[in-house]
Amino acid sequence: MTDGSDSAALRARDHAVLWHPFTQQQAWAEESAPVIVRGEGCELIDADGRRYLDGTSSLWCNVHGHRHPRIDAAVSEQLGRVAHTTMLGLTHPTAIELGERLVALAPGDLSRVFYSDTGAAATEIALKMAFQGHVQAGETRRTRFAYIESSYHGDTLGAVSVGGIEIFHERFRPLLFDAIKLPFGDADGAAALIAEHADELAAVIVEPLVQGAGGLLVQPDGYLRALRDACDAAGCFLICDEVATGFGRTGTMFACEQEGVAPDILCLGKGITGGYLPLAATLATDAIYDRFLGGVDELKTFFHGHTYTGNPLGCAAAIASLDVFEEEHVLERVADRDRQFGALLDEHVASLPGVHEIRRRGLMCGVELLPHPATARAGHQVIVEARDRGVLLRPLGDIVVLMPALAISAAELERLVIVTAEAITAVSERLGVPSVPRPLAGRRIPS
Ligand SMILES: *Cc1c(COP(=O)(O)O)cnc(C)c1O
C-alpha cells in the first residue's frame with residue numbers, strides 16, 4: 001500500500017478519531033491496516049482495490065460469505081417494510097418466524113427465545129435468567145455461578161465475572177462478582193467442585209467443545225456430558241454459550257449436539273445472522289420460562305431488555321441464513337471442508353519448526369506458535385506476513401486463528417493454509433527458530 005492512496009487518507013482520519021476494540025492505539029497508529037470497503041464471497045476488498053481472503057470470517061461471524069444474494073435480498077426486503085420497531089409492547093412477524101425456526105432447530109426442550117443484540121448480552125441474560133428463575137422457585141440460596149478456566153463469554157461485567165482469561169479479565173476483578181472456576185478438561189475435578197457447591201450454584205456456564213477466545217482450546221470427549229450430569233445432580237442449570245460454536249462452526253448446527261447434551265439455557269450470537277447484523281438470542285426451556293409467569297403484581301417479570309432487541313433487519317438476515325443452510329446443504333459441505341482442512345494442516349503446517357500445536361474442531365482452528373517473548377509479537381508478525389500475501393487473519397497472542405466462513409471453497413481453503421504456513425515460516429526464520437522439522441509437542445486433534 002503506497003502513501004497517498006485512498007487507504008492512507010482514510011487511515012489518517014481513523015487515527016484522528018477512532019478507538020478500536022482490544023487494540024493498543026499507540027501501536028495501531030503505526031500500522032497500515034487495510035481499509036475494507038467491500039466484500040464478495042470469502043474475500044474482502046480494500047480502498048485501493050486489493051483483495052484479501054477473509055481467514056477469520058470477520059471475527060468468527062460470517063457463515064455463507066459476504067454479499068450472499070439470498071441474505072442481501074432478505075435484508076433489502078425487510079428494509080422496504082421497516083428497519084426497526086420495538087419488542088417492548090409490540091411484536092413483528094420476522095421475530096416470530098425466527099423464534100419458531102430457532103426453537104425447531106435447538107436441542108432438547110429449549111422452547112423460548114429472548115432476543116438481544118450481542119453475544120455478551122446473550123450471556124448476561126442467561127446469568128440473570130438463571131438466578132431469577134431459581135429465586136422464583138424458592139431457591140434463594142442459588143446466587144453463584146461456575147465457569148471453566150480460560151473461558152470467554154463477552155466483555156460486559158457479568159460476562160467478565162464468569163470469564164477466565166487472565167490478561168483480559170483480571171484487572172477488572174475489583175468490579176466483578178465472585179464465581180467458581182472449574183478446571184479445563186478435567187471432568188472429575190469439575191464435577192467434584194460442582195457437587196461441593198451444589199446448594200449455592202445457580203448455573204454452570206460453558207462454551208461447548210471449543211473455548212474460542214481462550215485460545216481455541218478443545219475440550220476432551222465426554223467433558224461437556226460430565227458437566228451436564230454434574231449440573232443435574234446439583235440441581236443447577238447448564239448454560240451453553242454457543243455464540244462462537246453455533247451455526248455449523250464445529251461441524252454440527254450446535255456443538256453440544258456432538259455430546260448428546262441439551263442445555264437449560266442456550267446463548268447464540270455471531271453467526272446467527274450469517275454474520276450480517278448485530279443480533280443475539282438466549283433460549284430457555286419451558287421449565288425455566290414457567291417460573292416467570294404470574295400476575296403483574298407478583299413482579300415475576302424478567303426485568304431485562306435492550307433497545308434493539310429482536311431488530312427486524314437482523315431477524316430477516318437470520319431467517320435467510322437458516323434458509324441457506326437448508327438450500328445449499330451447508331452442513332454436508334462443511335463435512336468435506338473439515339476433512340480437507342485436516343489433510344491440508346497435516347501436509348503444510350503440522351511439521352513446521354515454528355509450530356507448537358494445532359487445535360481444531362470443524363472450521364475452528366488455532367495454530368499455536370512456539371513460545372516467544374511477548375515483545376516479539378510473533379502472532380502479530382504472522383498476520384502481517386499473511387496480509388502481505390493477501391490473507392486476513394487475527395491472532396490470539398501467539399495463536400494464529402483460522403476460522404473461515406463455512407462457505408469457503410476447496411481452493412480458498414488450500415490458499416488459506418498454504419499462506420499461513422508461508423507466513424509462519426517467514427516469521428520463524430526472522431525470530432531464529434532452528435529450521436529442523438519437529439514433531440508437534442502437544443496433543444493433536446485428529447482430523
Ligand atoms: C464472541 C463471544 C461472545 C461475545 O459476543 P459479542 O457479540 O462480541 O459480545 C460471547 N461468548 C463467546 C463464546 C464468544 O466467542
# chains A, B, ... in the order shown; residues from 1 in each chain; ligands from 1

call {"tool": "residues_around", "arguments": {"residues": "Pro220 in chain A", "least_positions_apart": "3", "cutoff": "9 Å", "atoms": "only C-alpha atoms", "output": "PyMOL selection string"}}
result
chain A and resi 185-187+209+223-224

call {"tool": "write_last_selection", "arguments": {"atoms": "N, CA, C and O atoms", "output": "PDB file, in the first residue's frame"}}
result
ATOM      1  N   GLY A 185     -10.940 -29.281  31.036  1.00  0.00           N
ATOM      2  CA  GLY A 185     -10.606 -30.628  30.565  1.00  0.00           C
ATOM      3  C   GLY A 185     -10.642 -31.716  31.624  1.00  0.00           C
ATOM      4  O   GLY A 185     -10.609 -32.893  31.279  1.00  0.00           O
ATOM      5  N   ASP A 186     -10.712 -31.350  32.908  1.00  0.00           N
ATOM      6  CA  ASP A 186     -10.705 -32.352  33.983  1.00  0.00           C
ATOM      7  C   ASP A 186     -12.149 -32.549  34.458  1.00  0.00           C
ATOM      8  O   ASP A 186     -12.642 -31.838  35.332  1.00  0.00           O
ATOM      9  N   ALA A 187     -12.817 -33.529  33.857  1.00  0.00           N
ATOM     10  CA  ALA A 187     -14.247 -33.730  34.115  1.00  0.00           C
ATOM     11  C   ALA A 187     -14.499 -34.084  35.580  1.00  0.00           C
ATOM     12  O   ALA A 187     -15.429 -33.561  36.203  1.00  0.00           O
ATOM     13  N   LEU A 209     -17.438 -27.800  23.687  1.00  0.00           N
ATOM     14  CA  LEU A 209     -16.393 -28.420  22.833  1.00  0.00           C
ATOM     15  C   LEU A 209     -15.149 -27.560  22.603  1.00  0.00           C
ATOM     16  O   LEU A 209     -14.028 -28.037  22.751  1.00  0.00           O
ATOM     17  N   TYR A 223     -16.329 -34.332  28.299  1.00  0.00           N
ATOM     18  CA  TYR A 223     -16.250 -33.257  29.299  1.00  0.00           C
ATOM     19  C   TYR A 223     -17.598 -32.549  29.455  1.00  0.00           C
ATOM     20  O   TYR A 223     -18.106 -32.359  30.557  1.00  0.00           O
ATOM     21  N   LEU A 224     -18.198 -32.171  28.316  1.00  0.00           N
ATOM     22  CA  LEU A 224     -19.482 -31.461  28.363  1.00  0.00           C
ATOM     23  C   LEU A 224     -20.567 -32.357  28.980  1.00  0.00           C
ATOM     24  O   LEU A 224     -21.377 -31.904  29.798  1.00  0.00           O
TER      25      LEU A 224
END

call {"tool": "residues_around", "arguments": {"residues": "His153 in chain A", "least_positions_apart": "2", "cutoff": "12 Å", "atoms": "only C-alpha atoms", "output": "PyMOL selection string"}}
result
chain A and resi 118-127+147-151+155-165+168-169+205-208+211-214+239-244+267-269

call {"tool": "select_by_dssp", "arguments": {"residues": "range 36-185 of chain A", "states": "strand (DSSP E or B)", "output": "JSON, numbers by chain"}}
result
{"A": [36, 37, 38, 39, 40, 41, 43, 44, 45, 46, 51, 52, 53, 54, 66, 110, 111, 112, 113, 114, 115, 116, 144, 145, 146, 147, 148, 180, 181, 182]}

call {"tool": "residues_around", "arguments": {"residues": "Leu352 in chain A", "least_positions_apart": "6", "cutoff": "12 Å", "atoms": "only C-alpha atoms", "output": "PDB file with C-alpha atoms, in the first residue's frame"}}
result
ATOM      1  CA  LEU A 345      -2.859 -28.754   8.016  1.00  0.00           C
ATOM      2  CA  ASP A 346      -1.057 -32.101   8.258  1.00  0.00           C
ATOM      3  CA  ILE A 358      -2.620 -27.397  16.149  1.00  0.00           C
ATOM      4  CA  VAL A 367      -2.208 -22.921  15.365  1.00  0.00           C
ATOM      5  CA  GLU A 368      -0.098 -22.224  18.424  1.00  0.00           C
ATOM      6  CA  LEU A 369       3.423 -20.999  17.707  1.00  0.00           C
ATOM      7  CA  LEU A 370       6.447 -21.963  19.744  1.00  0.00           C
ATOM      8  CA  ILE A 418      -0.567 -22.531   2.444  1.00  0.00           C
ATOM      9  CA  THR A 420      -0.495 -19.420   6.829  1.00  0.00           C
ATOM     10  CA  ALA A 421       2.364 -21.903   6.506  1.00  0.00           C
ATOM     11  CA  GLU A 422       4.435 -19.412   4.476  1.00  0.00           C
ATOM     12  CA  ALA A 423       3.759 -16.636   6.970  1.00  0.00           C
ATOM     13  CA  ILE A 424       4.746 -18.820   9.944  1.00  0.00           C
ATOM     14  CA  THR A 425       7.907 -19.914   8.128  1.00  0.00           C
ATOM     15  CA  ALA A 426       8.895 -16.312   7.362  1.00  0.00           C
ATOM     16  CA  VAL A 427       8.402 -15.241  10.983  1.00  0.00           C
ATOM     17  CA  SER A 428      10.132 -18.341  12.397  1.00  0.00           C
ATOM     18  CA  GLU A 429      13.190 -17.591  10.270  1.00  0.00           C
ATOM     19  CA  VAL A 433      13.685 -20.745  15.236  1.00  0.00           C
ATOM     20  CA  PRO A 434      16.024 -23.653  14.313  1.00  0.00           C
ATOM     21  CA  SER A 435      14.844 -24.966  10.956  1.00  0.00           C
ATOM     22  CA  VAL A 436      14.647 -28.628  11.937  1.00  0.00           C
ATOM     23  CA  PRO A 437      11.185 -30.089  11.366  1.00  0.00           C
ATOM     24  CA  ARG A 438       9.951 -31.349  14.703  1.00  0.00           C
ATOM     25  CA  PRO A 439       7.069 -33.485  15.856  1.00  0.00           C
ATOM     26  CA  LEU A 440       4.249 -31.494  17.430  1.00  0.00           C
ATOM     27  CA  ALA A 441       4.908 -31.107  21.121  1.00  0.00           C
TER      28      ALA A 441
END

call {"tool": "atom_distance", "arguments": {"atom1": "CA of Pro312 in chain A", "atom2": "CA of Ala104 in chain A"}}
result
19.7 Å

call {"tool": "residues_around", "arguments": {"residues": "range 69-72 of chain A", "least_positions_apart": "5", "cutoff": "9 Å", "atoms": "only C-alpha atoms", "output": "NGL selection string"}}
result
:A and (77 or 273-274 or 276 or 316-321 or 323-324)

call {"tool": "residues_around", "arguments": {"residues": "range 333-341 of chain A", "least_positions_apart": "6", "cutoff": "12 Å", "atoms": "only C-alpha atoms", "output": "ChimeraX atom specification"}}
result
/A:63-64,247-253,325-327,347-350,358-365,402-418,446-447

call {"tool": "closest_residue", "arguments": {"among": "A:Asp109, A:Leu227, A:Gln219, A:Ala234", "to": "Glu196 in chain A", "atoms": "only C-alpha atoms"}}
result
A:Ala234

call {"tool": "atom_distance", "arguments": {"atom1": "CA of Lys181 in chain A", "atom2": "CA of Leu238 in chain A"}}
result
14.7 Å

call {"tool": "residues_around", "arguments": {"residues": "Asp290 in chain A", "least_positions_apart": "3", "cutoff": "10 Å", "atoms": "only C-alpha atoms", "output": "list in words"}}
result
Gly133, Gln136, Ala137, Thr285, Asp286, Ala287, Leu293 and Gly294 of chain A

call {"tool": "write_last_selection", "arguments": {"atoms": "all heavy atoms", "output": "compact mmCIF listing (two decimals), in the first residue's frame"}}
result
# COMPACT_ATOMS: atom_id res chain seq x y z
N GLY A 133 -34.72 -17.18 37.89
CA GLY A 133 -35.52 -18.40 37.78
C GLY A 133 -35.47 -19.23 39.06
O GLY A 133 -36.50 -19.73 39.52
N GLN A 136 -37.38 -17.48 41.95
CA GLN A 136 -38.83 -17.59 41.83
C GLN A 136 -39.35 -19.02 42.00
O GLN A 136 -40.55 -19.25 42.00
CB GLN A 136 -39.28 -16.93 40.51
CG GLN A 136 -39.16 -15.42 40.67
CD GLN A 136 -39.35 -14.57 39.45
OE1 GLN A 136 -39.12 -13.38 39.52
NE2 GLN A 136 -39.75 -15.16 38.34
N ALA A 137 -38.41 -19.95 42.16
CA ALA A 137 -38.82 -21.31 42.53
C ALA A 137 -38.51 -21.53 44.01
O ALA A 137 -38.48 -22.67 44.48
CB ALA A 137 -38.08 -22.32 41.67
N THR A 285 -35.69 -23.26 28.47
CA THR A 285 -36.71 -24.31 28.50
C THR A 285 -38.01 -23.76 29.09
O THR A 285 -38.02 -22.75 29.79
CB THR A 285 -36.25 -25.47 29.40
OG1 THR A 285 -36.03 -24.95 30.72
CG2 THR A 285 -34.98 -26.11 28.88
N ASP A 286 -39.10 -24.48 28.84
CA ASP A 286 -40.38 -24.12 29.46
C ASP A 286 -40.29 -24.19 30.98
O ASP A 286 -40.92 -23.42 31.70
CB ASP A 286 -41.49 -25.07 28.99
CG ASP A 286 -42.23 -24.50 27.79
OD1 ASP A 286 -42.13 -23.28 27.56
OD2 ASP A 286 -42.89 -25.28 27.08
N ALA A 287 -39.48 -25.15 31.48
CA ALA A 287 -39.35 -25.31 32.93
C ALA A 287 -38.83 -24.01 33.56
O ALA A 287 -39.24 -23.64 34.67
CB ALA A 287 -38.43 -26.47 33.24
N LEU A 293 -43.86 -16.81 35.18
CA LEU A 293 -45.27 -16.50 34.94
C LEU A 293 -45.98 -16.17 36.26
O LEU A 293 -45.69 -16.80 37.29
CB LEU A 293 -45.97 -17.68 34.25
CG LEU A 293 -45.40 -18.07 32.89
CD1 LEU A 293 -46.15 -19.27 32.30
CD2 LEU A 293 -45.43 -16.90 31.91
N GLY A 294 -46.89 -15.22 36.23
CA GLY A 294 -47.63 -14.83 37.43
C GLY A 294 -48.36 -13.54 37.16
O GLY A 294 -48.22 -12.94 36.08

call {"tool": "atom_distance", "arguments": {"atom1": "CA of Leu182 in chain A", "atom2": "CA of Val103 in chain A"}}
result
29.7 Å

call {"tool": "closest_residue", "arguments": {"among": "A:Leu283, A:Phe254, A:Thr94, A:His329", "to": "Val82 in chain A", "atoms": "only C-alpha atoms"}}
result
A:Thr94

call {"tool": "closest_residue", "arguments": {"among": "A:Gly397, A:Gly275, A:Gly390, A:Gly379", "to": "ligand 1", "atoms": "only C-alpha atoms and all ligand atoms"}}
result
A:Gly275

call {"tool": "residues_around", "arguments": {"residues": "range 37-48 of chain A", "least_positions_apart": "3", "cutoff": "9 Å", "atoms": "only C-alpha atoms", "output": "MDAnalysis selection string"}}
result
chainID A and resid 1 5:8 10 34 51:55 57 62 64:68 391:392 404:405 407:409 412

call {"tool": "write_last_selection", "arguments": {"atoms": "N, CA, C and O atoms", "output": "short mmCIF file (atom, residue, chain, number, x, y, z; two decimals), in the first residue's frame"}}
result
data_model
loop_
_atom_site.label_atom_id
_atom_site.label_comp_id
_atom_site.auth_asym_id
_atom_site.auth_seq_id
_atom_site.Cartn_x
_atom_site.Cartn_y
_atom_site.Cartn_z
N MET A 1 0.85 -1.21 0.00
CA MET A 1 0.00 0.00 0.00
C MET A 1 0.87 1.25 0.00
O MET A 1 1.77 1.39 0.84
N SER A 5 -2.49 6.89 -1.11
CA SER A 5 -3.59 6.09 -1.61
C SER A 5 -4.88 6.48 -0.89
O SER A 5 -4.86 7.16 0.12
N ASP A 6 -5.99 5.97 -1.40
CA ASP A 6 -7.27 6.19 -0.72
C ASP A 6 -7.21 5.63 0.69
O ASP A 6 -7.72 6.22 1.64
N SER A 7 -6.58 4.45 0.81
CA SER A 7 -6.50 3.82 2.12
C SER A 7 -5.72 4.70 3.09
O SER A 7 -6.13 4.87 4.24
N ALA A 8 -4.62 5.26 2.65
CA ALA A 8 -3.78 6.06 3.55
C ALA A 8 -4.56 7.26 4.07
O ALA A 8 -4.49 7.60 5.26
N LEU A 10 -7.83 7.53 4.40
CA LEU A 10 -8.85 7.06 5.34
C LEU A 10 -8.22 6.65 6.67
O LEU A 10 -8.77 6.92 7.74
N PRO A 34 -5.54 -2.63 6.57
CA PRO A 34 -6.40 -2.41 5.41
C PRO A 34 -7.70 -1.68 5.78
O PRO A 34 -8.23 -1.86 6.86
N ARG A 51 -7.52 -7.34 -2.91
CA ARG A 51 -8.43 -8.38 -2.42
C ARG A 51 -7.73 -9.25 -1.39
O ARG A 51 -6.56 -9.58 -1.55
N TYR A 52 -8.46 -9.60 -0.35
CA TYR A 52 -7.92 -10.47 0.70
C TYR A 52 -8.90 -11.59 0.97
O TYR A 52 -10.12 -11.37 1.02
N LEU A 53 -8.36 -12.77 1.25
CA LEU A 53 -9.19 -13.86 1.75
C LEU A 53 -9.49 -13.58 3.22
O LEU A 53 -8.57 -13.29 4.00
N ASP A 54 -10.76 -13.66 3.60
CA ASP A 54 -11.19 -13.36 4.97
C ASP A 54 -11.02 -14.63 5.83
O ASP A 54 -11.95 -15.41 5.97
N GLY A 55 -9.83 -14.79 6.39
CA GLY A 55 -9.47 -16.04 7.05
C GLY A 55 -10.09 -16.24 8.43
O GLY A 55 -10.04 -17.34 8.99
N SER A 57 -13.35 -15.00 9.00
CA SER A 57 -14.78 -14.73 8.75
C SER A 57 -15.29 -13.51 9.53
O SER A 57 -16.31 -13.59 10.21
N ASN A 62 -19.03 -14.54 9.92
CA ASN A 62 -19.55 -14.74 8.58
C ASN A 62 -19.69 -16.23 8.28
O ASN A 62 -18.77 -17.00 8.55
N HIS A 64 -21.93 -17.69 5.31
CA HIS A 64 -22.17 -18.08 3.91
C HIS A 64 -21.41 -17.20 2.92
O HIS A 64 -21.72 -17.19 1.74
N GLY A 65 -20.45 -16.42 3.41
CA GLY A 65 -19.74 -15.49 2.54
C GLY A 65 -20.38 -14.11 2.61
O GLY A 65 -21.51 -13.96 3.09
N HIS A 66 -19.63 -13.12 2.15
CA HIS A 66 -20.13 -11.74 2.13
C HIS A 66 -21.04 -11.55 0.91
O HIS A 66 -20.82 -12.14 -0.13
N ARG A 67 -22.02 -10.70 1.05
CA ARG A 67 -22.95 -10.36 -0.03
C ARG A 67 -23.62 -11.58 -0.63
O ARG A 67 -23.72 -11.72 -1.87
N HIS A 68 -24.05 -12.47 0.24
CA HIS A 68 -24.80 -13.62 -0.27
C HIS A 68 -26.15 -13.10 -0.80
O HIS A 68 -26.87 -12.42 -0.08
N VAL A 391 -4.03 -12.58 2.68
CA VAL A 391 -4.93 -13.33 3.57
C VAL A 391 -5.05 -12.57 4.90
O VAL A 391 -4.04 -12.20 5.49
N LEU A 392 -6.29 -12.35 5.33
CA LEU A 392 -6.51 -11.65 6.60
C LEU A 392 -6.72 -12.66 7.72
O LEU A 392 -7.58 -13.54 7.64
N PRO A 404 -12.40 -19.77 8.86
CA PRO A 404 -13.03 -19.27 7.63
C PRO A 404 -14.55 -19.44 7.66
O PRO A 404 -15.08 -20.22 8.44
N ALA A 405 -15.23 -18.72 6.78
CA ALA A 405 -16.67 -18.90 6.60
C ALA A 405 -16.93 -20.35 6.20
O ALA A 405 -16.09 -20.99 5.55
N ALA A 407 -18.71 -21.23 3.99
CA ALA A 407 -18.85 -21.24 2.53
C ALA A 407 -17.50 -21.29 1.81
O ALA A 407 -17.47 -21.31 0.58
N ILE A 408 -16.40 -21.35 2.53
CA ILE A 408 -15.09 -21.30 1.86
C ILE A 408 -14.98 -22.46 0.85
O ILE A 408 -15.41 -23.58 1.13
N SER A 409 -14.40 -22.14 -0.31
CA SER A 409 -14.26 -23.19 -1.34
C SER A 409 -13.01 -24.01 -1.04
O SER A 409 -12.14 -23.60 -0.27
N GLU A 412 -9.97 -21.99 -1.94
CA GLU A 412 -9.69 -20.93 -0.97
C GLU A 412 -9.11 -21.49 0.33
O GLU A 412 -8.22 -20.90 0.94
#
